[in-house]
Amino acid sequence: MNRLKELARPLTYLWRRGSFDHELADEVQFHIESRVDELEQSGMSRSEALSRARREFGSVVRMREETRAAWHVKWMEDLLSDLRYASRALRRNPGFAAAAIFSLALGVGANTTIFSLTMEFLFSQPSCPNPETLAAMRIGGNSDIELTKYRFLRDAHLFEGLAGSFLEAESNWRYGEDTYDLHVMRVTSNFFDVVGVPLALGRPIQPGEPAAVVLSHRFWQQRLAGDPNILGRALVLDGQPYTVAGILPRNHRTLIGFGWSPDLYMPVSGENEIVALVARLPQDMTRQMALPD
Amino acid sequence: MLETNTSEFLPGTLYLLVLRTLARGPLHGYAIARRIKDSSEDALEIEEGSLYPALNRMLVKGWLTAEWGTSENNRKARFYKLTPEGRKQLERESKQFDRLVEAIQLVMRTA
């Protein structure tokens, strides 16, 4: 109980800071008035007495600072001694300390994880207009299908648009004397057209264009030093020149999400490549209708 | 660190004087200064600039409590009162002070 009171005293000061200053001012006022009364009784005029009393009192500002400091120092000392007390108690009981730290860490970790997942699943959207009319498609339980099958489906015009992408691709980038392994997203050349990914600079890969790439903002900044004249230049990827058509915005989010982002988007090349399908549903088609019977 | 008393005082004696003055009953700040001045036959004059910070430090230490009341001239005044802890502090400090004075006197007589 005593300890509680000790803790409460400086805290009361913090809560009542405004009234503390006010009270001190009242006290000074009282002091000066009392002195004025006394001087007046000894035959001094009121105004003379007032100025004399003020002069005698000296600097009110300095006095107030010192008075406040008394409480501030107490507050700091209390905080320090509480911290010392807490660390002593924890050191004396390392098992308890470990359990406490572990549960706190677990709590913070779980909280962060749930927050991140909630952000991903409930609140974030990929960088494209009307993501609600985009649907991922699987054929026969496979996430990816061959290009020939893709073309057949695309030309059937079941949807407003149908594009394909392959996200676990890599590419060798020849830069000067060195070759680097890049993470790339291989997309059918109509991908940007169907999905509608916004760009920061330049233009998307056009349908039917076989040798153009779109760079991620990070790749452009970090690997190409943000070269402002990069558009229209060629990068040598897998031994072939690809024209840099555009650059994605800094906050670009892929359709997959989860922070996954490739260094660049490039068109699918070989006939034996496979792609995952993404369809743009027509305005009047719901996901339910798009599902097979 | 902040024990700034009037320069003529020995360090810490302001506390002792205030504690001793309040031992006879609660007083407001002005009366404390007045009482010390009177009972020392005007020898000790306490600067207001150090009195109020000292009173607040003593509140922080828990030696005093303060309460608003009405003064003899019908004004709102803050009255300071000794706590039991303050009374103990008074005993300790007066003993220490007596020892200090004796020691100084010894030096003065022998040296």
# chains A, B, ... in the order shown; residues from 1 in each chain; ligands from 1
call {"tool": "closest_atom_pairs", "arguments": {"of": "chain B", "to": "chain A", "cutoff": "10 Å", "atoms": "only C-alpha atoms", "output": "JSON lines"}}
result
{"residue": "B:Met1", "atom": "CA", "partner": "A:Val73", "partner_atom": "CA", "distance": 9.7}
{"residue": "B:Leu2", "atom": "CA", "partner": "A:Ala70", "partner_atom": "CA", "distance": 7.8}
{"residue": "B:Glu3", "atom": "CA", "partner": "A:Ala70", "partner_atom": "CA", "distance": 9.8}
{"residue": "B:Thr4", "atom": "CA", "partner": "A:Glu66", "partner_atom": "CA", "distance": 9.5}
{"residue": "B:His28", "atom": "CA", "partner": "A:His31", "partner_atom": "CA", "distance": 8.8}
{"residue": "B:Gly29", "atom": "CA", "partner": "A:His31", "partner_atom": "CA", "distance": 7.2}
{"residue": "B:Tyr30", "atom": "CA", "partner": "A:His31", "partner_atom": "CA", "distance": 5.4}
{"residue": "B:Ala31", "atom": "CA", "partner": "A:His31", "partner_atom": "CA", "distance": 8.9}
{"residue": "B:Ala33", "atom": "CA", "partner": "A:His31", "partner_atom": "CA", "distance": 9.9}
{"residue": "B:Arg34", "atom": "CA", "partner": "A:Arg35", "partner_atom": "CA", "distance": 9.7}
{"residue": "B:Glu47", "atom": "CA", "partner": "A:Phe57", "partner_atom": "CA", "distance": 7.2}
{"residue": "B:Glu48", "atom": "CA", "partner": "A:Phe57", "partner_atom": "CA", "distance": 5.5}
{"residue": "B:Gly49", "atom": "CA", "partner": "A:Met63", "partner_atom": "CA", "distance": 5.0}
{"residue": "B:Ser50", "atom": "CA", "partner": "A:Met63", "partner_atom": "CA", "distance": 6.9}
{"residue": "B:Leu51", "atom": "CA", "partner": "A:Met63", "partner_atom": "CA", "distance": 8.8}
{"residue": "B:Tyr52", "atom": "CA", "partner": "A:Thr67", "partner_atom": "CA", "distance": 6.7}
{"residue": "B:Pro53", "atom": "CA", "partner": "A:Thr67", "partner_atom": "CA", "distance": 4.2}
{"residue": "B:Ala54", "atom": "CA", "partner": "A:Thr67", "partner_atom": "CA", "distance": 7.6}
{"residue": "B:Leu55", "atom": "CA", "partner": "A:Thr67", "partner_atom": "CA", "distance": 8.4}
{"residue": "B:Asn56", "atom": "CA", "partner": "A:Thr67", "partner_atom": "CA", "distance": 6.1}
{"residue": "B:Arg57", "atom": "CA", "partner": "A:Ala70", "partner_atom": "CA", "distance": 5.3}
{"residue": "B:Met58", "atom": "CA", "partner": "A:Ala70", "partner_atom": "CA", "distance": 9.0}
{"residue": "B:Leu59", "atom": "CA", "partner": "A:Trp71", "partner_atom": "CA", "distance": 9.1}
{"residue": "B:Val60", "atom": "CA", "partner": "A:Trp71", "partner_atom": "CA", "distance": 6.6}
{"residue": "B:Lys61", "atom": "CA", "partner": "A:Lys74", "partner_atom": "CA", "distance": 8.4}
{"residue": "B:Gly62", "atom": "CA", "partner": "A:Glu6", "partner_atom": "CA", "distance": 8.6}
{"residue": "B:Trp68", "atom": "CA", "partner": "A:Glu23", "partner_atom": "CA", "distance": 9.4}
{"residue": "B:Ser71", "atom": "CA", "partner": "A:Phe30", "partner_atom": "CA", "distance": 9.3}
{"residue": "B:Asn73", "atom": "CA", "partner": "A:Ser34", "partner_atom": "CA", "distance": 8.3}
{"residue": "B:Arg75", "atom": "CA", "partner": "A:Phe30", "partner_atom": "CA", "distance": 7.3}
{"residue": "B:Lys76", "atom": "CA", "partner": "A:Phe30", "partner_atom": "CA", "distance": 7.2}
{"residue": "B:Ala77", "atom": "CA", "partner": "A:Phe30", "partner_atom": "CA", "distance": 6.4}
{"residue": "B:Arg78", "atom": "CA", "partner": "A:Glu27", "partner_atom": "CA", "distance": 6.5}
{"residue": "B:Phe79", "atom": "CA", "partner": "A:Glu27", "partner_atom": "CA", "distance": 9.9}
call {"tool": "residues_around", "arguments": {"residues": "stretch 162-176 of chain A", "least_positions_apart": "3", "cutoff": "6 Å", "atoms": "only C-alpha atoms", "output": "count of residues only"}}
result
20
call {"tool": "residues_around", "arguments": {"residues": "B:Thr83", "least_positions_apart": "4", "cutoff": "12 Å", "atoms": "only C-alpha atoms", "output": "PyMOL selection string"}}
result
chain B and resi 19+22-23+25-26+58-66+87-90
call {"tool": "residues_around", "arguments": {"residues": "A:Gly232", "least_positions_apart": "6", "cutoff": "7 Å", "atoms": "only C-alpha atoms", "output": "ChimeraX atom specification"}}
result
/A:243-245
call {"tool": "write_last_selection", "arguments": {"atoms": "all heavy atoms", "output": "PDB file, in the first residue's frame"}}
result
ATOM      1  N   THR A 243      13.880  -5.609 -75.656  1.00  0.00           N
ATOM      2  CA  THR A 243      13.735  -4.165 -75.492  1.00  0.00           C
ATOM      3  C   THR A 243      13.011  -3.865 -74.181  1.00  0.00           C
ATOM      4  O   THR A 243      12.011  -4.508 -73.860  1.00  0.00           O
ATOM      5  CB  THR A 243      12.904  -3.577 -76.654  1.00  0.00           C
ATOM      6  OG1 THR A 243      13.471  -4.048 -77.864  1.00  0.00           O
ATOM      7  CG2 THR A 243      12.913  -2.064 -76.615  1.00  0.00           C
ATOM      8  N   VAL A 244      13.544  -2.893 -73.428  1.00  0.00           N
ATOM      9  CA  VAL A 244      12.855  -2.470 -72.209  1.00  0.00           C
ATOM     10  C   VAL A 244      11.683  -1.587 -72.632  1.00  0.00           C
ATOM     11  O   VAL A 244      11.874  -0.485 -73.141  1.00  0.00           O
ATOM     12  CB  VAL A 244      13.795  -1.696 -71.271  1.00  0.00           C
ATOM     13  CG1 VAL A 244      13.023  -1.194 -70.050  1.00  0.00           C
ATOM     14  CG2 VAL A 244      14.955  -2.579 -70.852  1.00  0.00           C
ATOM     15  N   ALA A 245      10.454  -2.124 -72.443  1.00  0.00           N
ATOM     16  CA  ALA A 245       9.267  -1.385 -72.885  1.00  0.00           C
ATOM     17  C   ALA A 245       8.755  -0.472 -71.779  1.00  0.00           C
ATOM     18  O   ALA A 245       8.373   0.666 -72.040  1.00  0.00           O
ATOM     19  CB  ALA A 245       8.178  -2.356 -73.305  1.00  0.00           C
TER      20      ALA A 245
END
call {"tool": "select_by_dssp", "arguments": {"residues": "stretch 25-77 of chain B", "states": "helix (DSSP H, G or I)", "output": "ChimeraX atom specification"}}
result
/B:29-39,48-61
call {"tool": "atom_distance", "arguments": {"atom1": "atom CA of A:Asp193", "atom2": "atom CA of A:Glu146"}}
result
20.6 Å
call {"tool": "atom_distance", "arguments": {"atom1": "atom CA of A:Phe96", "atom2": "atom CA of A:Arg84"}}
result
16.8 Å
call {"tool": "select_by_dssp", "arguments": {"residues": "stretch 105-247 of chain A", "states": "strand (DSSP E)", "output": "PyMOL selection string"}}
result
chain A and resi 134-137+145-146+161-175+178-187+201-202+212-215+234-237+240-247
call {"tool": "atom_distance", "arguments": {"atom1": "atom CA of A:Asp178", "atom2": "atom CA of A:Arg223"}}
result
12.5 Å
call {"tool": "closest_residue", "arguments": {"among": "B:Lys37, B:Leu14, B:Arg20, B:Leu82", "to": "B:Ser94", "atoms": "only C-alpha atoms"}}
result
B:Arg20
call {"tool": "closest_residue", "arguments": {"among": "A:Gln283, A:Ser45, A:Asn142, A:Ser269", "to": "A:Asn130", "atoms": "only C-alpha atoms"}}
result
A:Gln283
call {"tool": "closest_residue", "arguments": {"among": "B:Lys81, B:Ile36, B:Leu44, B:Thr13", "to": "B:Val101", "atoms": "only C-alpha atoms"}}
result
B:Thr13
